[in-house]
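Scroll down for the structure; my scribbles are underneath it.
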Amino acid sequence: WQLYERKSRLSGPQTSVVQSRRETTQINGVRDYVYGDRLTRIHWNATAKTGSWKSKEFEHESIPKTILVLDGSASAYMNSNQFELAVSVAASLLGFGIRERIGIGLCCLDKTTKVFAPVEGAAERQKMIQYLIDLNAEGHGPLISRLEKGYRMFPKGSYFVLISPQRGQPVLDALRWADSRGMTPSHIHIGNLSETNSSTDWTDVLRSRGITGYSISSLQELPIVLGGEV
């Protein structure tokens with residue numbers, strides 16, 4: 001949330017804060033009628049063809065796309081609960097993207113590297129959620145070598161959000177890799193309750209290098225540390 005707000009202030013009129021994104025006059029498709037839609041928004045042709053109320057879907061003002069990068073390294077997680085937390089964080093951010101109509105993609109660095117390009121549609125987002133369900137943290141090798149396999153699908157100028165329990169040089173290398181390819185990197189560190197101090201030290205290291213970093217040890221902390229509401 002804070003990252004989007006900061007970017008909107010720096011990027012000029014092409015971007016806007018998520019909560020205040022305005023619709024353009026460009027029709028982007030048709031959606032189901034939502035109670036309260038104005039009559040001028042009703043898509044009469046689609047309504048007549050389907051027999052149910054349909055409304056026009058308009059494009060929103062553009063904001064940078066986001067690519068969530070989930071670390072599926074087998075050696076990175078202390079236990080299955082920590083990996084489940086990482087998956088849940090990715091799923092929660094995908095859900096946030098659906099609600100706010102943000103183009104969010106997903107890259108899973110598991111046994112293989114799988115990349116879903118950023119989209120706003122719920123159907124494509126559901127495919128990402130389904131893919132998350134089948135992950136088992138079976139990845140091996142450096143993060144960068146696995147990122148290279150899918151970098152062609154990483155939109156330039158997007159937010160690069162690494163979700164990983166790793167710290168130190170491997171993570172710094174991955175974040176620098178994203179920055180060198182025109183993306184804005186950040187790290188959501190998946191921690192444990194027993195390592196609160198070391199997690200705080202790590203986020204301080206990131207911020208000293210101008211990189212946005214957060215550390216969470218439970219899903220309930222996610223909206224708090226990202227600057228949203230409880």
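In the structure tokens, chains take the letters A, B, ... in the order shown, each chain's residues start at 1, and ligands count up from 1 in the order shown.
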Quiz item: Running DSSP on the backbone, which parts of segment 17-120 of chain A land in helix (DSSP H, G or I), as an MDAnalysis selection string?
Solution: chainID A and resid 18:20 39:41 44:50 80:100
Any chance you can output those residues with N, CA, C and O atoms as a tab-separated table (two decimals), in the first residue's frame?
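out-v3.tsv written:
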```
chain	number	residue	atom	x	y	z
A	18	VAL	N	-4.28	3.81	-5.22
A	18	VAL	CA	-5.18	2.69	-5.49
A	18	VAL	C	-6.62	3.01	-5.10
A	18	VAL	O	-7.56	2.77	-5.85
A	19	GLN	N	-6.81	3.57	-3.90
A	19	GLN	CA	-8.16	3.79	-3.42
A	19	GLN	C	-8.92	4.83	-4.22
A	19	GLN	O	-10.14	4.88	-4.17
A	20	SER	N	-8.24	5.69	-4.97
A	20	SER	CA	-8.91	6.76	-5.70
A	20	SER	C	-8.79	6.61	-7.20
A	20	SER	O	-8.92	7.57	-7.94
A	39	LEU	N	-28.23	3.71	-14.82
A	39	LEU	CA	-28.85	3.24	-16.06
A	39	LEU	C	-27.94	3.47	-17.26
A	39	LEU	O	-27.93	2.69	-18.21
A	40	THR	N	-27.16	4.55	-17.22
A	40	THR	CA	-26.26	4.86	-18.33
A	40	THR	C	-25.15	3.82	-18.46
A	40	THR	O	-24.49	3.75	-19.49
A	41	ARG	N	-24.97	3.04	-17.41
A	41	ARG	CA	-23.90	2.03	-17.44
A	41	ARG	C	-24.41	0.67	-17.95
A	41	ARG	O	-23.61	-0.20	-18.27
A	44	TRP	N	-27.13	-2.67	-22.83
A	44	TRP	CA	-28.43	-3.18	-23.22
A	44	TRP	C	-28.33	-4.35	-24.19
A	44	TRP	O	-29.11	-5.31	-24.08
A	45	ASN	N	-27.39	-4.33	-25.12
A	45	ASN	CA	-27.25	-5.43	-26.07
A	45	ASN	C	-26.89	-6.73	-25.37
A	45	ASN	O	-27.46	-7.80	-25.64
A	46	ALA	N	-25.92	-6.66	-24.46
A	46	ALA	CA	-25.51	-7.85	-23.72
A	46	ALA	C	-26.63	-8.34	-22.80
A	46	ALA	O	-26.81	-9.55	-22.63
A	47	THR	N	-27.37	-7.40	-22.23
A	47	THR	CA	-28.50	-7.78	-21.37
A	47	THR	C	-29.56	-8.53	-22.16
A	47	THR	O	-30.10	-9.55	-21.72
A	48	ALA	N	-29.86	-8.04	-23.38
A	48	ALA	CA	-30.87	-8.68	-24.22
A	48	ALA	C	-30.42	-10.07	-24.67
A	48	ALA	O	-31.22	-11.01	-24.73
A	49	LYS	N	-29.13	-10.21	-24.98
A	49	LYS	CA	-28.63	-11.50	-25.48
A	49	LYS	C	-28.56	-12.56	-24.40
A	49	LYS	O	-28.82	-13.74	-24.65
A	50	THR	N	-28.21	-12.16	-23.19
A	50	THR	CA	-28.01	-13.15	-22.11
A	50	THR	C	-29.24	-13.36	-21.26
A	50	THR	O	-29.36	-14.37	-20.57
A	80	SER	N	6.78	-26.72	7.36
A	80	SER	CA	5.69	-26.56	6.40
A	80	SER	C	4.82	-25.35	6.71
A	80	SER	O	4.26	-24.73	5.81
A	81	ASN	N	4.70	-25.00	7.99
A	81	ASN	CA	3.88	-23.84	8.36
A	81	ASN	C	4.45	-22.55	7.79
A	81	ASN	O	3.71	-21.66	7.37
A	82	GLN	N	5.77	-22.44	7.76
A	82	GLN	CA	6.40	-21.25	7.22
A	82	GLN	C	6.14	-21.15	5.71
A	82	GLN	O	5.88	-20.06	5.19
A	83	PHE	N	6.19	-22.28	5.02
A	83	PHE	CA	5.90	-22.27	3.59
A	83	PHE	C	4.43	-21.94	3.34
A	83	PHE	O	4.10	-21.19	2.42
A	84	GLU	N	3.54	-22.48	4.16
A	84	GLU	CA	2.11	-22.18	4.02
A	84	GLU	C	1.85	-20.69	4.21
A	84	GLU	O	0.98	-20.11	3.56
A	85	LEU	N	2.60	-20.07	5.11
A	85	LEU	CA	2.46	-18.63	5.33
A	85	LEU	C	2.86	-17.86	4.08
A	85	LEU	O	2.17	-16.91	3.67
A	86	ALA	N	3.96	-18.27	3.45
A	86	ALA	CA	4.42	-17.61	2.22
A	86	ALA	C	3.37	-17.74	1.12
A	86	ALA	O	3.07	-16.76	0.42
A	87	VAL	N	2.80	-18.92	0.97
A	87	VAL	CA	1.75	-19.14	-0.04
A	87	VAL	C	0.52	-18.29	0.28
A	87	VAL	O	-0.08	-17.69	-0.61
A	88	SER	N	0.16	-18.22	1.55
A	88	SER	CA	-1.01	-17.43	1.96
A	88	SER	C	-0.81	-15.95	1.70
A	88	SER	O	-1.75	-15.24	1.33
A	89	VAL	N	0.42	-15.47	1.90
A	89	VAL	CA	0.72	-14.06	1.62
A	89	VAL	C	0.53	-13.78	0.13
A	89	VAL	O	-0.10	-12.78	-0.26
A	90	ALA	N	1.05	-14.67	-0.71
A	90	ALA	CA	0.88	-14.50	-2.16
A	90	ALA	C	-0.60	-14.52	-2.54
A	90	ALA	O	-1.06	-13.68	-3.32
A	91	ALA	N	-1.36	-15.46	-1.98
A	91	ALA	CA	-2.78	-15.56	-2.29
A	91	ALA	C	-3.54	-14.33	-1.82
A	91	ALA	O	-4.45	-13.84	-2.50
A	92	SER	N	-3.18	-13.79	-0.67
A	92	SER	CA	-3.85	-12.60	-0.14
A	92	SER	C	-3.60	-11.38	-1.02
A	92	SER	O	-4.52	-10.59	-1.27
A	93	LEU	N	-2.37	-11.23	-1.49
A	93	LEU	CA	-2.06	-10.10	-2.36
A	93	LEU	C	-2.75	-10.24	-3.72
A	93	LEU	O	-3.17	-9.25	-4.31
A	94	LEU	N	-2.89	-11.47	-4.20
A	94	LEU	CA	-3.64	-11.69	-5.43
A	94	LEU	C	-5.11	-11.31	-5.23
A	94	LEU	O	-5.73	-10.69	-6.09
A	95	GLY	N	-5.66	-11.67	-4.07
A	95	GLY	CA	-7.04	-11.29	-3.77
A	95	GLY	C	-7.22	-9.79	-3.68
A	95	GLY	O	-8.22	-9.23	-4.14
A	96	PHE	N	-6.24	-9.11	-3.09
A	96	PHE	CA	-6.28	-7.65	-3.01
A	96	PHE	C	-6.28	-7.05	-4.42
A	96	PHE	O	-6.99	-6.09	-4.71
A	97	GLY	N	-5.48	-7.65	-5.30
A	97	GLY	CA	-5.41	-7.16	-6.67
A	97	GLY	C	-6.74	-7.28	-7.40
A	97	GLY	O	-7.12	-6.40	-8.17
A	98	ILE	N	-7.46	-8.38	-7.15
A	98	ILE	CA	-8.77	-8.56	-7.77
A	98	ILE	C	-9.73	-7.47	-7.31
A	98	ILE	O	-10.44	-6.86	-8.11
A	99	ARG	N	-9.75	-7.23	-6.00
A	99	ARG	CA	-10.68	-6.25	-5.45
A	99	ARG	C	-10.38	-4.84	-5.94
A	99	ARG	O	-11.30	-4.05	-6.19
A	100	GLU	N	-9.11	-4.51	-6.08
A	100	GLU	CA	-8.72	-3.16	-6.45
A	100	GLU	C	-8.41	-3.00	-7.93
A	100	GLU	O	-7.99	-1.94	-8.38
```
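With only C-alpha atoms taken into account, the protein and nucleic acid residues at most 6 Å from Ile67 of chain A (excluding it and anything under 5 positions from it in its own chain) are Ile104, Gly105, Leu106 and Phe160 of chain A.
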Would you save the residues of that selection, restricted to N, CA and C atoms, as a PDB file, in the first residue's frame?
```pdb
ATOM      1  N   ILE A 104      -1.794  -7.790 -11.344  1.00  0.00           N
ATOM      2  CA  ILE A 104      -0.796  -8.519 -10.563  1.00  0.00           C
ATOM      3  C   ILE A 104      -0.512  -9.862 -11.219  1.00  0.00           C
ATOM      4  N   GLY A 105       0.776 -10.172 -11.382  1.00  0.00           N
ATOM      5  CA  GLY A 105       1.196 -11.445 -11.915  1.00  0.00           C
ATOM      6  C   GLY A 105       1.891 -12.264 -10.841  1.00  0.00           C
ATOM      7  N   LEU A 106       2.253 -13.496 -11.190  1.00  0.00           N
ATOM      8  CA  LEU A 106       2.852 -14.405 -10.215  1.00  0.00           C
ATOM      9  C   LEU A 106       3.995 -15.174 -10.864  1.00  0.00           C
ATOM     10  N   PHE A 160       8.380  -5.475  -8.265  1.00  0.00           N
ATOM     11  CA  PHE A 160       8.905  -6.828  -8.101  1.00  0.00           C
ATOM     12  C   PHE A 160       8.868  -7.136  -6.612  1.00  0.00           C
TER      13      PHE A 160
END
```
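Candidate residues A:Arg31, A:Arg181, A:Arg101, A:Arg209 were compared for distance to Arg125 of chain A, and the nearest is A:Arg101, using only C-alpha atoms.
The residue that comes closest to Thr203 of chain A, out of A:Met183, A:Arg167, A:Leu175, A:Lys54 and on the basis of only C-alpha atoms, is A:Arg167.
For the pair atom CA of Ala137 of chain A and atom CA of Pro64 of chain A, the interatomic distance is 28.9 Å.
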Exercise. Rounded to one decimal place, report the atom CA of Gly168 of chain A-atom CA of Ile129 of chain A distance in Å.
Key: 28.8 Å
Self-check item: Expected answer as a PyMOL selection string: strand (DSSP E) residues in chain A
Solution: chain A and resi 23-32+54-60+66-71+104-109+113-119+159-164+184-190+212-216
Same residues, N, CA and C atoms, saved as a short mmCIF file (atom, residue, chain, number, x, y, z; two decimals), in the first residue's frame:
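Output below, filename again_20.cif:
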```
data_model
loop_
_atom_site.label_atom_id
_atom_site.label_comp_id
_atom_site.auth_asym_id
_atom_site.auth_seq_id
_atom_site.Cartn_x
_atom_site.Cartn_y
_atom_site.Cartn_z
N GLU A 23 -12.19 5.62 -13.27
CA GLU A 23 -12.43 4.92 -14.52
C GLU A 23 -12.25 5.88 -15.68
N THR A 24 -11.77 5.36 -16.81
CA THR A 24 -11.68 6.15 -18.02
C THR A 24 -12.98 6.00 -18.80
N THR A 25 -13.05 6.61 -19.97
CA THR A 25 -14.23 6.47 -20.81
C THR A 25 -14.09 5.32 -21.80
N GLN A 26 -12.99 4.57 -21.70
CA GLN A 26 -12.73 3.46 -22.61
C GLN A 26 -13.38 2.18 -22.10
N ILE A 27 -14.32 1.63 -22.89
CA ILE A 27 -14.98 0.38 -22.50
C ILE A 27 -14.02 -0.78 -22.64
N ASN A 28 -13.95 -1.61 -21.60
CA ASN A 28 -13.00 -2.72 -21.58
C ASN A 28 -13.70 -4.07 -21.58
N GLY A 29 -15.04 -4.08 -21.70
CA GLY A 29 -15.76 -5.34 -21.68
C GLY A 29 -17.10 -5.21 -20.99
N VAL A 30 -17.64 -6.36 -20.60
CA VAL A 30 -18.96 -6.42 -19.96
C VAL A 30 -18.84 -7.23 -18.68
N ARG A 31 -19.56 -6.80 -17.66
CA ARG A 31 -19.58 -7.54 -16.40
C ARG A 31 -21.02 -7.68 -15.91
N ASP A 32 -21.21 -8.51 -14.90
CA ASP A 32 -22.53 -8.67 -14.31
C ASP A 32 -22.96 -7.37 -13.64
N LYS A 54 -26.54 -6.80 -17.48
CA LYS A 54 -25.11 -6.65 -17.69
C LYS A 54 -24.75 -5.16 -17.68
N SER A 55 -23.56 -4.87 -17.20
CA SER A 55 -23.08 -3.49 -17.16
C SER A 55 -21.78 -3.35 -17.95
N LYS A 56 -21.53 -2.15 -18.42
CA LYS A 56 -20.29 -1.88 -19.13
C LYS A 56 -19.12 -1.86 -18.15
N GLU A 57 -18.00 -2.41 -18.58
CA GLU A 57 -16.78 -2.40 -17.79
C GLU A 57 -15.82 -1.42 -18.42
N PHE A 58 -15.40 -0.40 -17.66
CA PHE A 58 -14.50 0.62 -18.18
C PHE A 58 -13.08 0.39 -17.66
N GLU A 59 -12.12 0.78 -18.48
CA GLU A 59 -10.73 0.71 -18.05
C GLU A 59 -10.47 1.72 -16.95
N HIS A 60 -9.52 1.39 -16.07
CA HIS A 60 -9.13 2.30 -15.00
C HIS A 60 -7.83 3.00 -15.37
N THR A 66 2.31 -5.32 -11.03
CA THR A 66 3.06 -5.97 -9.95
C THR A 66 3.30 -7.42 -10.31
N ILE A 67 4.49 -7.92 -10.00
CA ILE A 67 4.78 -9.33 -10.16
C ILE A 67 5.21 -9.88 -8.79
N LEU A 68 4.44 -10.83 -8.26
CA LEU A 68 4.76 -11.47 -7.00
C LEU A 68 5.70 -12.64 -7.29
N VAL A 69 6.82 -12.70 -6.60
CA VAL A 69 7.79 -13.77 -6.81
C VAL A 69 7.85 -14.61 -5.54
N LEU A 70 7.29 -15.81 -5.61
CA LEU A 70 7.25 -16.71 -4.46
C LEU A 70 8.44 -17.65 -4.48
N ASP A 71 9.24 -17.58 -3.43
CA ASP A 71 10.41 -18.45 -3.30
C ASP A 71 9.96 -19.84 -2.87
N ILE A 104 -1.79 -7.79 -11.34
CA ILE A 104 -0.80 -8.52 -10.56
C ILE A 104 -0.51 -9.86 -11.22
N GLY A 105 0.78 -10.17 -11.38
CA GLY A 105 1.20 -11.45 -11.92
C GLY A 105 1.89 -12.26 -10.84
N LEU A 106 2.25 -13.50 -11.19
CA LEU A 106 2.85 -14.41 -10.22
C LEU A 106 3.99 -15.17 -10.86
N CYS A 107 5.11 -15.24 -10.13
CA CYS A 107 6.24 -16.07 -10.55
C CYS A 107 6.56 -17.01 -9.40
N CYS A 108 6.52 -18.32 -9.65
CA CYS A 108 6.81 -19.32 -8.63
C CYS A 108 8.15 -19.97 -8.93
N LEU A 109 9.09 -19.81 -8.01
CA LEU A 109 10.42 -20.40 -8.16
C LEU A 109 10.44 -21.71 -7.40
N THR A 113 10.34 -23.00 -12.88
CA THR A 113 9.97 -21.59 -12.82
C THR A 113 8.70 -21.38 -13.64
N LYS A 114 7.65 -20.93 -12.99
CA LYS A 114 6.37 -20.70 -13.66
C LYS A 114 5.99 -19.24 -13.50
N VAL A 115 5.68 -18.58 -14.63
CA VAL A 115 5.35 -17.15 -14.60
C VAL A 115 3.96 -16.92 -15.20
N PHE A 116 3.12 -16.22 -14.46
CA PHE A 116 1.83 -15.75 -14.95
C PHE A 116 1.94 -14.24 -15.14
N ALA A 117 1.68 -13.76 -16.34
CA ALA A 117 1.78 -12.32 -16.61
C ALA A 117 0.74 -11.55 -15.82
N PRO A 118 1.03 -10.30 -15.42
CA PRO A 118 0.07 -9.50 -14.67
C PRO A 118 -1.24 -9.29 -15.43
N VAL A 119 -2.36 -9.53 -14.77
CA VAL A 119 -3.68 -9.34 -15.35
C VAL A 119 -4.61 -8.78 -14.28
N TYR A 159 6.35 -3.46 -10.23
CA TYR A 159 6.82 -3.74 -8.88
C TYR A 159 7.21 -5.21 -8.81
N PHE A 160 8.38 -5.47 -8.26
CA PHE A 160 8.91 -6.83 -8.10
C PHE A 160 8.87 -7.14 -6.61
N VAL A 161 7.95 -8.01 -6.19
CA VAL A 161 7.76 -8.28 -4.76
C VAL A 161 8.21 -9.71 -4.47
N LEU A 162 9.36 -9.86 -3.84
CA LEU A 162 9.89 -11.17 -3.50
C LEU A 162 9.31 -11.60 -2.15
N ILE A 163 8.68 -12.77 -2.15
CA ILE A 163 8.12 -13.35 -0.92
C ILE A 163 9.00 -14.54 -0.55
N SER A 164 9.80 -14.38 0.47
CA SER A 164 10.81 -15.40 0.77
C SER A 164 11.26 -15.32 2.23
N THR A 184 10.89 -2.13 -9.79
CA THR A 184 11.05 -1.59 -8.44
C THR A 184 10.97 -2.74 -7.45
N PRO A 185 12.11 -3.15 -6.86
CA PRO A 185 12.11 -4.34 -6.00
C PRO A 185 11.69 -4.06 -4.57
N SER A 186 11.11 -5.07 -3.95
CA SER A 186 10.80 -5.04 -2.52
C SER A 186 10.79 -6.47 -2.01
N HIS A 187 10.86 -6.62 -0.71
CA HIS A 187 10.95 -7.97 -0.13
C HIS A 187 9.96 -8.10 1.03
N ILE A 188 9.11 -9.12 0.97
CA ILE A 188 8.29 -9.49 2.11
C ILE A 188 8.95 -10.72 2.72
N HIS A 189 9.58 -10.50 3.85
CA HIS A 189 10.32 -11.58 4.51
C HIS A 189 9.37 -12.43 5.35
N ILE A 190 9.39 -13.73 5.12
CA ILE A 190 8.56 -14.66 5.87
C ILE A 190 9.37 -15.16 7.06
N THR A 212 12.42 -1.29 -0.24
CA THR A 212 11.31 -1.49 0.67
C THR A 212 11.31 -2.92 1.17
N GLY A 213 11.22 -3.09 2.48
CA GLY A 213 11.22 -4.42 3.06
C GLY A 213 10.29 -4.53 4.24
N TYR A 214 9.65 -5.68 4.38
CA TYR A 214 8.74 -5.94 5.49
C TYR A 214 9.00 -7.35 5.98
N SER A 215 8.71 -7.60 7.24
CA SER A 215 8.86 -8.93 7.79
C SER A 215 7.60 -9.30 8.55
N ILE A 216 7.05 -10.47 8.27
CA ILE A 216 5.85 -10.93 8.96
C ILE A 216 6.05 -12.37 9.42
#
```
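Closest approach to Gly121 of chain A from the set A:Gly103, A:Leu135, A:Val171, A:His43 is made by A:Gly103, with distances taken over only C-alpha atoms.
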Quiz item: Mind pulling up the distance from atom CA of Arg176 of chain A to atom CA of Glu221 of chain A?
Solution: 26.4 Å
